[in-house]
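Everything below belongs to structure_26.txt, which stores compact mmCIF, C-alpha atoms.
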# COMPACT_ATOMS: atom_id res chain seq x y z
CA MET A 46 -118.72 -139.21 -15.55
CA ARG A 47 -115.56 -137.33 -14.61
CA GLU A 48 -115.65 -135.76 -18.07
CA ILE A 49 -118.56 -133.65 -16.88
CA LEU A 50 -116.56 -132.20 -13.99
CA ILE A 51 -113.43 -131.71 -16.09
CA SER A 52 -115.32 -130.08 -18.93
CA GLY A 53 -117.18 -127.70 -16.64
CA ALA A 54 -114.10 -126.81 -14.58
CA ILE A 55 -111.89 -126.08 -17.61
CA ALA A 56 -114.58 -123.96 -19.27
CA LEU A 57 -115.19 -122.07 -16.01
CA LEU A 58 -111.51 -121.25 -15.51
CA LEU A 59 -110.95 -120.26 -19.13
CA SER A 60 -113.96 -117.98 -19.11
CA LEU A 61 -113.20 -116.52 -15.69
CA PHE A 62 -109.60 -115.62 -16.51
CA GLY A 63 -110.02 -115.16 -20.26
CA THR A 64 -112.83 -112.61 -20.06
CA PRO A 65 -110.70 -109.76 -18.61
CA VAL A 66 -108.18 -110.34 -21.41
CA LEU A 67 -111.00 -110.02 -23.94
CA ILE A 68 -112.30 -106.91 -22.16
CA LYS A 69 -108.91 -105.19 -22.58
CA LEU A 70 -108.67 -106.26 -26.21
CA LEU A 71 -112.17 -105.05 -27.08
CA ALA A 72 -111.76 -101.79 -25.15
CA LYS A 73 -108.44 -101.09 -26.89
CA ARG A 74 -110.11 -101.47 -30.27
CA GLY A 75 -113.14 -99.42 -29.23
CA TYR A 76 -115.67 -102.23 -29.65
CA GLY A 77 -118.17 -100.83 -27.19
CA GLN A 78 -121.90 -101.32 -26.72
CA ILE A 79 -124.20 -99.01 -28.70
CA ILE A 80 -127.23 -97.97 -26.62
CA ARG A 81 -130.60 -97.40 -28.27
CA ASP A 82 -132.02 -93.90 -27.75
CA ASP A 83 -135.53 -95.28 -27.19
CA GLY A 84 -134.40 -97.54 -24.32
CA PRO A 85 -134.43 -96.70 -20.60
CA SER A 86 -132.41 -93.56 -19.92
CA SER A 87 -130.55 -95.35 -17.11
CA HIS A 88 -128.84 -97.51 -19.74
CA HIS A 89 -126.96 -94.60 -21.30
CA VAL A 90 -124.19 -94.94 -18.71
CA LYS A 91 -123.46 -98.37 -20.24
CA ARG A 92 -122.53 -96.87 -23.59
CA GLY A 93 -119.05 -97.97 -24.59
CA THR A 94 -118.94 -101.08 -22.39
CA PRO A 95 -117.14 -103.79 -24.42
CA THR A 96 -119.51 -106.10 -26.24
CA MET A 97 -119.16 -109.38 -28.23
CA GLY A 98 -118.30 -111.19 -24.99
CA GLY A 99 -120.01 -114.24 -26.42
CA ILE A 100 -116.67 -114.96 -28.09
CA ILE A 101 -115.16 -116.11 -24.80
CA ILE A 102 -118.27 -118.07 -23.83
CA ILE A 103 -118.11 -120.08 -27.06
CA LEU A 104 -114.32 -120.53 -26.99
CA ALA A 105 -114.25 -121.62 -23.34
CA ALA A 106 -117.04 -124.14 -23.92
CA LEU A 107 -115.33 -125.53 -27.03
CA ILE A 108 -111.94 -125.89 -25.34
CA GLY A 109 -113.47 -127.30 -22.15
CA TYR A 110 -115.41 -129.93 -24.08
CA PHE A 111 -112.52 -131.08 -26.29
CA LEU A 112 -109.88 -130.98 -23.52
CA ALA A 113 -112.10 -133.12 -21.28
CA HIS A 114 -112.20 -135.75 -24.02
CA ALA A 115 -108.46 -135.51 -24.58
CA ILE A 116 -107.75 -135.98 -20.87
CA THR A 117 -110.13 -138.92 -20.46
CA GLN A 118 -109.28 -140.30 -23.93
CA ASN A 119 -112.94 -140.72 -24.80
CA SER A 120 -114.28 -140.10 -28.27
CA VAL A 121 -116.44 -137.13 -29.17
CA THR A 122 -119.92 -137.90 -30.46
CA ALA A 123 -121.95 -136.83 -33.46
CA SER A 124 -124.73 -135.38 -31.31
CA ALA A 125 -122.44 -133.05 -29.37
CA LEU A 126 -120.51 -132.03 -32.48
CA LEU A 127 -123.72 -131.09 -34.26
CA VAL A 128 -124.86 -128.96 -31.32
CA LEU A 129 -121.41 -127.33 -31.17
CA GLY A 130 -121.65 -126.62 -34.89
CA LEU A 131 -125.00 -124.92 -34.36
CA ILE A 132 -123.57 -122.88 -31.48
CA VAL A 133 -120.58 -121.68 -33.51
CA ALA A 134 -122.69 -120.94 -36.60
CA LEU A 135 -125.21 -118.86 -34.66
CA GLY A 136 -122.35 -117.20 -32.78
CA CYS A 137 -120.86 -116.14 -36.13
CA LEU A 138 -124.24 -114.74 -37.20
CA GLY A 139 -124.46 -112.80 -33.95
CA PHE A 140 -120.86 -111.62 -34.33
CA LEU A 141 -121.71 -110.20 -37.76
CA ASP A 142 -124.63 -108.32 -36.22
CA ASP A 143 -122.44 -106.98 -33.39
CA TRP A 144 -119.67 -106.04 -35.80
CA LEU A 145 -122.00 -104.04 -37.99
CA LYS A 146 -123.27 -102.15 -34.94
CA VAL A 147 -119.85 -101.18 -33.60
CA SER A 148 -118.39 -100.42 -37.05
CA ARG A 149 -121.35 -98.18 -37.94
CA GLN A 150 -121.48 -96.73 -34.42
CA ASN A 151 -125.26 -97.12 -34.20
CA SER A 152 -127.69 -99.74 -32.93
CA THR A 153 -128.53 -100.98 -36.43
CA GLY A 154 -126.85 -104.24 -37.36
CA LEU A 155 -128.49 -106.93 -39.41
CA SER A 156 -132.15 -106.26 -40.13
CA GLY A 157 -134.72 -108.36 -38.32
CA LYS A 158 -135.53 -110.17 -41.55
CA GLN A 159 -131.88 -110.93 -42.30
CA LYS A 160 -131.33 -112.28 -38.81
CA LEU A 161 -134.42 -114.49 -38.91
CA ILE A 162 -133.47 -115.90 -42.32
CA GLY A 163 -129.97 -116.64 -41.06
CA GLN A 164 -131.23 -118.33 -37.90
CA ALA A 165 -133.79 -120.39 -39.82
CA LEU A 166 -131.27 -121.49 -42.43
CA LEU A 167 -128.67 -122.56 -39.86
CA ALA A 168 -131.34 -124.37 -37.83
CA ALA A 169 -132.60 -126.20 -40.91
CA ILE A 170 -129.08 -127.34 -41.77
CA PHE A 171 -128.61 -128.57 -38.19
CA GLY A 172 -131.95 -130.40 -38.27
CA TYR A 173 -131.24 -132.03 -41.62
CA LEU A 174 -127.80 -133.25 -40.54
CA ALA A 175 -129.05 -134.36 -37.12
CA LEU A 176 -131.57 -136.71 -38.73
CA GLY A 177 -128.65 -138.62 -40.23
CA PHE A 178 -125.51 -140.06 -38.65
CA SER A 179 -127.27 -143.14 -37.30
CA ASP A 180 -125.22 -145.26 -34.89
CA GLN A 181 -125.03 -149.05 -34.74
CA ASN A 182 -128.42 -149.12 -33.01
CA GLY A 183 -130.03 -147.06 -35.76
CA LEU A 184 -130.33 -143.97 -33.54
CA SER A 185 -129.84 -140.54 -35.07
CA PRO A 186 -129.04 -137.45 -32.95
CA VAL A 187 -132.57 -136.09 -33.52
CA SER A 188 -135.75 -138.14 -33.66
CA LEU A 189 -138.54 -138.16 -36.23
CA TYR A 190 -141.00 -138.35 -33.32
CA LEU A 191 -142.22 -135.48 -31.15
CA SER A 192 -140.78 -135.47 -27.65
CA GLY A 193 -142.00 -134.03 -24.37
CA VAL A 194 -140.39 -135.41 -21.23
CA ARG A 195 -139.35 -138.28 -23.51
CA GLU A 196 -139.96 -139.39 -27.07
CA THR A 197 -143.67 -139.90 -27.85
CA SER A 198 -145.41 -142.01 -30.49
CA ILE A 199 -146.39 -138.91 -32.51
CA TYR A 200 -144.61 -139.26 -35.84
CA LEU A 201 -143.52 -136.02 -37.46
CA GLY A 202 -141.56 -137.17 -40.46
CA PRO A 203 -138.43 -135.43 -41.77
CA GLY A 204 -140.16 -132.24 -42.93
CA LEU A 205 -142.05 -131.48 -39.73
CA ALA A 206 -139.12 -132.59 -37.58
CA VAL A 207 -136.82 -130.07 -39.26
CA LEU A 208 -139.53 -127.40 -39.13
CA LEU A 209 -139.93 -127.96 -35.38
CA ILE A 210 -136.20 -127.58 -34.86
CA VAL A 211 -136.20 -124.36 -36.88
CA LEU A 212 -139.02 -123.03 -34.68
CA MET A 213 -137.15 -124.04 -31.51
CA VAL A 214 -133.84 -122.50 -32.56
CA VAL A 215 -135.36 -119.24 -33.82
CA SER A 216 -137.52 -118.91 -30.69
CA THR A 217 -134.80 -119.64 -28.14
CA SER A 218 -132.04 -117.65 -29.81
CA ASN A 219 -134.31 -114.61 -30.02
CA GLY A 220 -135.61 -115.28 -26.51
CA VAL A 221 -132.12 -115.18 -25.01
CA ASN A 222 -131.37 -112.11 -27.13
CA LEU A 223 -134.41 -110.28 -25.76
CA THR A 224 -133.56 -111.33 -22.20
CA ASP A 225 -130.02 -109.98 -22.51
CA GLY A 226 -131.05 -106.47 -21.57
CA LEU A 227 -129.85 -106.22 -17.97
CA ASP A 228 -126.46 -107.05 -16.48
CA GLY A 229 -126.16 -110.80 -15.92
CA LEU A 230 -129.83 -111.58 -16.51
CA ALA A 231 -129.57 -113.85 -19.56
CA THR A 232 -126.26 -115.37 -18.47
CA GLY A 233 -127.54 -116.44 -15.05
CA ALA A 234 -130.77 -117.86 -16.48
CA ALA A 235 -128.79 -119.81 -19.09
CA VAL A 236 -126.60 -121.37 -16.38
CA ALA A 237 -129.70 -122.75 -14.64
CA SER A 238 -130.98 -124.26 -17.90
CA PHE A 239 -127.64 -125.88 -18.75
CA LEU A 240 -127.38 -127.39 -15.26
CA ALA A 241 -130.79 -128.98 -15.85
CA PHE A 242 -129.59 -130.49 -19.12
CA ILE A 243 -126.63 -132.04 -17.27
CA LEU A 244 -129.02 -133.82 -14.92
CA ILE A 245 -131.25 -134.93 -17.79
CA GLY A 246 -128.31 -136.24 -19.83
CA VAL A 247 -126.86 -138.20 -16.91
CA TRP A 248 -130.24 -139.70 -16.05
CA GLU A 249 -131.00 -140.67 -19.64
CA PHE A 250 -127.60 -142.35 -19.86
CA GLY A 251 -128.22 -144.33 -16.68
CA GLN A 252 -131.66 -145.38 -17.93
CA SER A 253 -130.72 -145.83 -21.58
CA CYS A 254 -132.10 -148.78 -23.49
CA ALA A 255 -128.58 -149.79 -24.52
CA LEU A 256 -127.71 -150.46 -20.86
CA ASN A 257 -131.08 -151.72 -19.67
CA ALA A 258 -131.47 -154.19 -22.53
CA LEU A 259 -128.44 -156.00 -21.16
CA ASN A 260 -129.47 -155.88 -17.52
CA SER A 261 -133.26 -156.12 -17.97
CA ILE A 262 -133.70 -153.28 -15.52
CA SER A 263 -136.51 -151.24 -17.01
CA SER A 264 -139.03 -151.23 -19.80
CA SER A 265 -139.17 -147.41 -19.65
CA CYS A 266 -135.67 -146.82 -20.92
CA TYR A 267 -134.60 -143.93 -23.16
CA GLN A 268 -133.84 -144.29 -26.86
CA VAL A 269 -131.44 -141.33 -26.95
CA ARG A 270 -128.12 -141.18 -28.73
CA ASP A 271 -125.09 -139.87 -26.78
CA PRO A 272 -126.90 -138.50 -23.68
CA LEU A 273 -123.79 -138.59 -21.47
CA ASP A 274 -121.69 -136.66 -23.96
CA LEU A 275 -124.45 -134.07 -24.26
CA ALA A 276 -124.23 -133.72 -20.47
CA VAL A 277 -120.48 -133.08 -20.89
CA LEU A 278 -121.26 -130.34 -23.42
CA SER A 279 -123.91 -128.88 -21.12
CA ALA A 280 -121.33 -128.74 -18.32
CA ALA A 281 -118.90 -126.89 -20.57
CA LEU A 282 -121.60 -124.36 -21.43
CA ALA A 283 -122.64 -123.96 -17.79
CA GLY A 284 -119.01 -123.46 -16.78
CA SER A 285 -118.25 -120.92 -19.49
CA CYS A 286 -121.39 -118.92 -18.67
CA THR A 287 -120.60 -118.96 -14.94
CA GLY A 288 -117.09 -117.64 -15.51
CA PHE A 289 -118.45 -114.95 -17.82
CA LEU A 290 -121.13 -114.02 -15.29
CA TRP A 291 -118.40 -112.93 -12.84
CA TRP A 292 -117.64 -110.04 -15.21
CA ASN A 293 -121.14 -109.64 -16.66
CA ALA A 294 -122.88 -109.16 -13.29
CA SER A 295 -123.89 -105.62 -12.35
CA PRO A 296 -122.13 -103.36 -13.00
CA ALA A 297 -121.19 -105.29 -16.13
CA ARG A 298 -117.69 -104.84 -17.49
CA ILE A 299 -118.62 -106.68 -20.68
CA PHE A 300 -121.77 -107.73 -22.56
CA MET A 301 -122.22 -110.99 -24.44
CA GLY A 302 -123.83 -109.23 -27.40
CA ASP A 303 -125.69 -111.08 -30.12
CA THR A 304 -122.57 -113.24 -30.47
CA GLY A 305 -123.40 -114.84 -27.15
CA SER A 306 -127.18 -114.61 -27.02
CA LEU A 307 -127.82 -116.25 -30.39
CA ALA A 308 -125.27 -118.98 -29.64
CA LEU A 309 -126.68 -119.75 -26.18
CA GLY A 310 -130.24 -119.82 -27.49
CA GLY A 311 -129.15 -122.26 -30.19
CA ALA A 312 -127.41 -124.38 -27.58
CA LEU A 313 -130.59 -124.67 -25.51
CA ALA A 314 -132.66 -125.69 -28.52
CA GLY A 315 -130.00 -128.09 -29.81
CA LEU A 316 -129.67 -129.83 -26.45
CA ALA A 317 -133.45 -130.16 -26.05
CA ALA A 318 -133.73 -131.70 -29.52
CA THR A 319 -130.82 -134.14 -29.16
CA LEU A 320 -131.82 -135.18 -25.63
CA ARG A 321 -135.35 -135.65 -27.00
CA VAL A 322 -137.10 -133.35 -24.53
CA GLU A 323 -138.26 -130.78 -27.07
CA LEU A 324 -141.46 -129.57 -25.40
CA LEU A 325 -139.71 -129.58 -22.03
CA LEU A 326 -137.68 -126.65 -23.35
CA ILE A 327 -140.68 -124.42 -22.53
CA PRO A 328 -140.36 -124.73 -18.72
CA LEU A 329 -136.57 -125.24 -18.77
CA GLY A 330 -136.27 -121.91 -20.58
CA GLY A 331 -139.27 -120.42 -18.81
CA LEU A 332 -137.83 -116.95 -18.24
CA PHE A 333 -136.90 -116.63 -21.92
CA VAL A 334 -140.43 -117.70 -22.86
CA ILE A 335 -142.03 -115.15 -20.53
CA ILE A 336 -139.88 -112.29 -21.79
CA THR A 337 -140.46 -113.24 -25.43
CA MET A 338 -144.21 -113.41 -24.81
CA SER A 339 -144.13 -109.91 -23.29
CA VAL A 340 -142.74 -108.56 -26.56
CA ILE A 341 -145.31 -110.44 -28.65
CA ILE A 342 -148.19 -109.27 -26.43
CA GLN A 343 -146.95 -105.68 -26.55
CA ARG A 344 -146.68 -105.61 -30.33
CA VAL A 345 -149.99 -107.38 -31.00
CA TYR A 346 -151.92 -105.21 -28.55
CA PHE A 347 -150.26 -102.06 -29.90
CA LYS A 348 -151.52 -102.88 -33.40
CA ILE A 349 -155.05 -103.97 -32.53
CA SER A 350 -155.64 -101.15 -30.01
CA GLY A 351 -154.38 -98.35 -32.23
CA GLY A 352 -151.25 -97.50 -30.28
CA LYS A 353 -152.02 -98.52 -26.69
CA ARG A 354 -149.58 -100.57 -24.63
CA VAL A 355 -149.88 -103.34 -22.04
CA PHE A 356 -146.42 -102.67 -20.59
CA LYS A 357 -144.57 -99.40 -20.16
CA MET A 358 -141.85 -100.94 -22.30
CA ALA A 359 -141.02 -104.37 -23.68
CA PRO A 360 -139.15 -106.66 -23.08
CA LEU A 361 -140.63 -107.18 -19.63
CA GLN A 362 -137.51 -106.31 -17.62
CA HIS A 363 -137.63 -102.74 -18.95
CA HIS A 364 -141.26 -102.41 -17.79
CA PHE A 365 -140.11 -102.95 -14.23
CA GLU A 366 -137.21 -100.55 -14.69
CA LEU A 367 -139.69 -97.81 -15.63
CA LEU A 368 -141.75 -98.74 -12.56
CA GLY A 369 -138.73 -97.79 -10.48
CA TRP A 370 -137.27 -101.20 -9.64
CA GLY A 371 -133.50 -101.30 -9.35
CA GLU A 372 -131.57 -103.31 -11.93
CA VAL A 373 -130.09 -105.73 -9.40
CA THR A 374 -133.53 -106.30 -7.87
CA ILE A 375 -135.03 -107.13 -11.25
CA VAL A 376 -132.19 -109.50 -12.14
CA LEU A 377 -132.35 -111.37 -8.83
CA ARG A 378 -136.14 -111.75 -8.96
CA PHE A 379 -136.05 -112.85 -12.58
CA TRP A 380 -133.35 -115.38 -11.68
CA ILE A 381 -135.76 -116.74 -9.08
CA ILE A 382 -138.39 -117.10 -11.80
CA ALA A 383 -135.83 -118.84 -14.02
CA GLY A 384 -134.90 -121.21 -11.19
CA LEU A 385 -138.53 -122.04 -10.43
CA SER A 386 -139.19 -122.69 -14.12
CA VAL A 387 -136.20 -125.03 -14.35
CA ALA A 388 -137.36 -126.80 -11.18
CA LEU A 389 -140.78 -127.29 -12.77
CA GLY A 390 -139.18 -128.71 -15.90
CA LEU A 391 -137.09 -131.16 -13.90
CA ALA A 392 -140.11 -132.13 -11.81
CA LEU A 393 -142.04 -132.94 -14.98
CA PHE A 394 -139.09 -134.92 -16.32
CA TYR A 395 -138.65 -137.04 -13.19
CA ALA A 396 -142.36 -137.33 -12.34
CA GLN A 397 -142.78 -140.39 -14.56
CA TRP A 398 -140.29 -142.25 -12.38
CA VAL A 399 -141.63 -141.02 -9.05
CA VAL A 400 -145.24 -142.04 -9.70
CA LYS A 401 -144.38 -145.53 -10.97
Now that the file is in, can you turn its structure into structure tokens?
Amino acid sequence: MREILISGAIALLLSLFGTPVLIKLLAKRGYGQIIRDDGPSSHHVKRGTPTMGGIIIILAALIGYFLAHAITQNSVTASALLVLGLIVALGCLGFLDDWLKVSRQNSTGLSGKQKLIGQALLAAIFGYLALGFSDQNGLSPVSLYLSGVRETSIYLGPGLAVLLIVLMVVSTSNGVNLTDGLDGLATGAAVASFLAFILIGVWEFGQSCALNALNSISSSCYQVRDPLDLAVLSAALAGSCTGFLWWNASPARIFMGDTGSLALGGALAGLAATLRVELLLIPLGGLFVIITMSVIIQRVYFKISGGKRVFKMAPLQHHFELLGWGEVTIVLRFWIIAGLSVALGLALFYAQWVVK
């Protein structure tokens, strides 16, 4: 259990003190944020703010996770390594997008189609690999069965299981990307989600079938591989995001860029799949879902209505900016929504134990 605290603390400190070093390095090289001309005019003052801050989020989480294992002399697990691989791969895809933007000095990086293909391909590779690596109990990191608050009896098979993971990864990585439009908004919401995954991982470990089969404690145990180590990884991610948030909060001195948003979205999807709470990702990432839906609604209504709009601007946070809300006000209120969504997700997860 102490691995969770060590992992989170190391990642927090590395991110907190490593981010200003990255800010100076990025600023020296001129790797600043490119602001879209069709965005809110208030955002133009942010032009030139260092971007690609996701680099420190990923590095701090990686170092925090591996150092915690080195200190406690515990072995890393296949489940956590696969999720880390997904995080790094999506971070590299996001870095390429950010690099193209700053090198071209415009807001055009990878095309939407290129980014979607890259996300889908990386997600499919993760899903395929995660269906293997069975342990001595025959458990693979990802299940062939659909999961809600726990694994259900609905059999998906390899094809549908991988397809579901692709859908989850593409949705969450783009959801975090769309949410990352105001200072600290996506980072703070991600912290709340990762904290929830810590609680879920610890609980699943305590109620795992491997332990309960020996003690005959419960017939409602969890068939999940490596839940405690996934909680350690979640702590590293929560710590790295918290340290980064210190510098990303308004007025932001650095942005995570696509490097961070794609990686964090992949982390959320990967953790939900490996902890076997796939459908629970909807409330646990509730703010990301709401903001993504605002973009979908805006685009669909624009097409079917011949150019009319539901919102003044999408994603949703920009709608409220154009209504005159201050940036800090929007971020704080959206954090409240994120917190309530996470609380709902945890309530659904623990409800099965409360009502017994």
- Any idea what's packed within 10 Å of Phe239 (chain A), counting all atoms listed in the file, ignoring anything in its chain fewer than 5 positions away? Could you give it as number ranges by chain? A: 234, 244-245, 276, 278-284, 286, 309, 312-313, 316, 329-330, 387
Select all residues near (-131.3, -114.1, -20.4) (cut-off 10 Å, inclusive, file coordinates), counting only C-alpha atoms, and output them as a PDB file with C-alpha atoms, in the frame of the given file.
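And here's part07.pdb as it stands now:
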ATOM      1  CA  GLY A 220    -135.610-115.280 -26.510  1.00  0.00           C
ATOM      2  CA  VAL A 221    -132.120-115.180 -25.010  1.00  0.00           C
ATOM      3  CA  ASN A 222    -131.370-112.110 -27.130  1.00  0.00           C
ATOM      4  CA  LEU A 223    -134.410-110.280 -25.760  1.00  0.00           C
ATOM      5  CA  THR A 224    -133.560-111.330 -22.200  1.00  0.00           C
ATOM      6  CA  ASP A 225    -130.020-109.980 -22.510  1.00  0.00           C
ATOM      7  CA  GLY A 226    -131.050-106.470 -21.570  1.00  0.00           C
ATOM      8  CA  LEU A 227    -129.850-106.220 -17.970  1.00  0.00           C
ATOM      9  CA  ASP A 228    -126.460-107.050 -16.480  1.00  0.00           C
ATOM     10  CA  GLY A 229    -126.160-110.800 -15.920  1.00  0.00           C
ATOM     11  CA  LEU A 230    -129.830-111.580 -16.510  1.00  0.00           C
ATOM     12  CA  ALA A 231    -129.570-113.850 -19.560  1.00  0.00           C
ATOM     13  CA  THR A 232    -126.260-115.370 -18.470  1.00  0.00           C
ATOM     14  CA  GLY A 233    -127.540-116.440 -15.050  1.00  0.00           C
ATOM     15  CA  ALA A 234    -130.770-117.860 -16.480  1.00  0.00           C
ATOM     16  CA  ALA A 235    -128.790-119.810 -19.090  1.00  0.00           C
ATOM     17  CA  VAL A 236    -126.600-121.370 -16.380  1.00  0.00           C
ATOM     18  CA  SER A 306    -127.180-114.610 -27.020  1.00  0.00           C
ATOM     19  CA  LEU A 309    -126.680-119.750 -26.180  1.00  0.00           C
ATOM     20  CA  GLY A 310    -130.240-119.820 -27.490  1.00  0.00           C
ATOM     21  CA  GLY A 330    -136.270-121.910 -20.580  1.00  0.00           C
ATOM     22  CA  LEU A 332    -137.830-116.950 -18.240  1.00  0.00           C
ATOM     23  CA  PHE A 333    -136.900-116.630 -21.920  1.00  0.00           C
ATOM     24  CA  ILE A 336    -139.880-112.290 -21.790  1.00  0.00           C
ATOM     25  CA  VAL A 376    -132.190-109.500 -12.140  1.00  0.00           C
ATOM     26  CA  PHE A 379    -136.050-112.850 -12.580  1.00  0.00           C
ATOM     27  CA  TRP A 380    -133.350-115.380 -11.680  1.00  0.00           C
ATOM     28  CA  ALA A 383    -135.830-118.840 -14.020  1.00  0.00           C
TER      29      ALA A 383
END
Check: If you measure from CA of Ala54 (chain A) to CA of Cys137 (chain A), what distance in Å do you get, rounded to one decimal?
Finding: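 These atoms are spaced 25.0 Å apart.
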Region 179-194 of chain A environment, 12 Å, all atoms listed in the file, sequence neighbours closer than 6 positions dropped, as a PDB file with C-alpha atoms, in the frame of the given file:
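Now in result-v1.pdb:
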ATOM      1  CA  THR A 122    -119.920-137.900 -30.460  1.00  0.00           C
ATOM      2  CA  ALA A 123    -121.950-136.830 -33.460  1.00  0.00           C
ATOM      3  CA  SER A 124    -124.730-135.380 -31.310  1.00  0.00           C
ATOM      4  CA  ALA A 125    -122.440-133.050 -29.370  1.00  0.00           C
ATOM      5  CA  LEU A 126    -120.510-132.030 -32.480  1.00  0.00           C
ATOM      6  CA  LEU A 127    -123.720-131.090 -34.260  1.00  0.00           C
ATOM      7  CA  VAL A 128    -124.860-128.960 -31.320  1.00  0.00           C
ATOM      8  CA  PHE A 171    -128.610-128.570 -38.190  1.00  0.00           C
ATOM      9  CA  GLY A 172    -131.950-130.400 -38.270  1.00  0.00           C
ATOM     10  CA  TYR A 173    -131.240-132.030 -41.620  1.00  0.00           C
ATOM     11  CA  TYR A 200    -144.610-139.260 -35.840  1.00  0.00           C
ATOM     12  CA  LEU A 201    -143.520-136.020 -37.460  1.00  0.00           C
ATOM     13  CA  GLY A 202    -141.560-137.170 -40.460  1.00  0.00           C
ATOM     14  CA  PRO A 203    -138.430-135.430 -41.770  1.00  0.00           C
ATOM     15  CA  GLY A 204    -140.160-132.240 -42.930  1.00  0.00           C
ATOM     16  CA  LEU A 205    -142.050-131.480 -39.730  1.00  0.00           C
ATOM     17  CA  ALA A 206    -139.120-132.590 -37.580  1.00  0.00           C
ATOM     18  CA  VAL A 207    -136.820-130.070 -39.260  1.00  0.00           C
ATOM     19  CA  LEU A 208    -139.530-127.400 -39.130  1.00  0.00           C
ATOM     20  CA  LEU A 209    -139.930-127.960 -35.380  1.00  0.00           C
ATOM     21  CA  ILE A 210    -136.200-127.580 -34.860  1.00  0.00           C
ATOM     22  CA  ILE A 245    -131.250-134.930 -17.790  1.00  0.00           C
ATOM     23  CA  GLU A 249    -131.000-140.670 -19.640  1.00  0.00           C
ATOM     24  CA  CYS A 254    -132.100-148.780 -23.490  1.00  0.00           C
ATOM     25  CA  ALA A 255    -128.580-149.790 -24.520  1.00  0.00           C
ATOM     26  CA  TYR A 267    -134.600-143.930 -23.160  1.00  0.00           C
ATOM     27  CA  GLN A 268    -133.840-144.290 -26.860  1.00  0.00           C
ATOM     28  CA  VAL A 269    -131.440-141.330 -26.950  1.00  0.00           C
ATOM     29  CA  ARG A 270    -128.120-141.180 -28.730  1.00  0.00           C
ATOM     30  CA  ASP A 271    -125.090-139.870 -26.780  1.00  0.00           C
ATOM     31  CA  PRO A 272    -126.900-138.500 -23.680  1.00  0.00           C
ATOM     32  CA  ASP A 274    -121.690-136.660 -23.960  1.00  0.00           C
ATOM     33  CA  LEU A 275    -124.450-134.070 -24.260  1.00  0.00           C
ATOM     34  CA  ALA A 314    -132.660-125.690 -28.520  1.00  0.00           C
ATOM     35  CA  GLY A 315    -130.000-128.090 -29.810  1.00  0.00           C
ATOM     36  CA  LEU A 316    -129.670-129.830 -26.450  1.00  0.00           C
ATOM     37  CA  ALA A 317    -133.450-130.160 -26.050  1.00  0.00           C
ATOM     38  CA  ALA A 318    -133.730-131.700 -29.520  1.00  0.00           C
ATOM     39  CA  THR A 319    -130.820-134.140 -29.160  1.00  0.00           C
ATOM     40  CA  LEU A 320    -131.820-135.180 -25.630  1.00  0.00           C
ATOM     41  CA  ARG A 321    -135.350-135.650 -27.000  1.00  0.00           C
ATOM     42  CA  VAL A 322    -137.100-133.350 -24.530  1.00  0.00           C
ATOM     43  CA  GLU A 323    -138.260-130.780 -27.070  1.00  0.00           C
ATOM     44  CA  LEU A 324    -141.460-129.570 -25.400  1.00  0.00           C
ATOM     45  CA  LEU A 325    -139.710-129.580 -22.030  1.00  0.00           C
ATOM     46  CA  LEU A 326    -137.680-126.650 -23.350  1.00  0.00           C
ATOM     47  CA  ILE A 327    -140.680-124.420 -22.530  1.00  0.00           C
ATOM     48  CA  PRO A 328    -140.360-124.730 -18.720  1.00  0.00           C
ATOM     49  CA  LEU A 329    -136.570-125.240 -18.770  1.00  0.00           C
ATOM     50  CA  LEU A 389    -140.780-127.290 -12.770  1.00  0.00           C
ATOM     51  CA  GLY A 390    -139.180-128.710 -15.900  1.00  0.00           C
ATOM     52  CA  LEU A 391    -137.090-131.160 -13.900  1.00  0.00           C
ATOM     53  CA  ALA A 392    -140.110-132.130 -11.810  1.00  0.00           C
ATOM     54  CA  LEU A 393    -142.040-132.940 -14.980  1.00  0.00           C
ATOM     55  CA  PHE A 394    -139.090-134.920 -16.320  1.00  0.00           C
ATOM     56  CA  TYR A 395    -138.650-137.040 -13.190  1.00  0.00           C
ATOM     57  CA  ALA A 396    -142.360-137.330 -12.340  1.00  0.00           C
ATOM     58  CA  GLN A 397    -142.780-140.390 -14.560  1.00  0.00           C
ATOM     59  CA  TRP A 398    -140.290-142.250 -12.380  1.00  0.00           C
TER      60      TRP A 398
END
| What is the CA of Gly246 (chain A) to CA of Gly136 (chain A) distance in Å? |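 Between CA of Gly246 (chain A) and CA of Gly136 (chain A) the gap is 23.8 Å.
Going from CA of Val247 (chain A) over to CA of Ile101 (chain A), you cover 26.2 Å.
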Sel. within 6 Å of pt (-131.5, -123.9, -12.5), counting all atoms listed in the file, output as a ChimeraX atom specification: /A:237-238,384,387
Counting only C-alpha atoms, the residue of A:Ala169, A:Val215, A:Leu70, A:Ile162 that sits nearest Ile100 (chain A):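 Among A:Ala169, A:Val215, A:Leu70, A:Ile162, it is A:Leu70 that comes nearest to Ile100 (chain A).
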| Looking at only C-alpha atoms, which of A:Ser52, A:Gln159, A:Gln150, A:Gln343 is the one that sits closest to His114 (chain A)? |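 Selected residue with least distance to His114 (chain A): A:Ser52.
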Could you check the closest approach to Ala106 (chain A) for each of A:Ala308, A:Trp292, A:Asp143, A:Thr197 and tell me which residue wins, using all atoms listed in the file?
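Among the listed residues, the smallest separation from Ala106 (chain A) belongs to A:Ala308.
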Across A:Gly154, A:Gly98, A:Gly53, A:Gly371, the smallest distance to Pro65 (chain A), with all atoms listed in the file counted, is shown by A:Gly98
| task | Select, from A:Leu129, A:Leu67, A:Val399, A:Ala105, the residue with the minimum atom-to-atom distance to Arg298 (chain A), counting all atoms listed in the file. | result |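 Of all the options, A:Leu67 lies closest to Arg298 (chain A).
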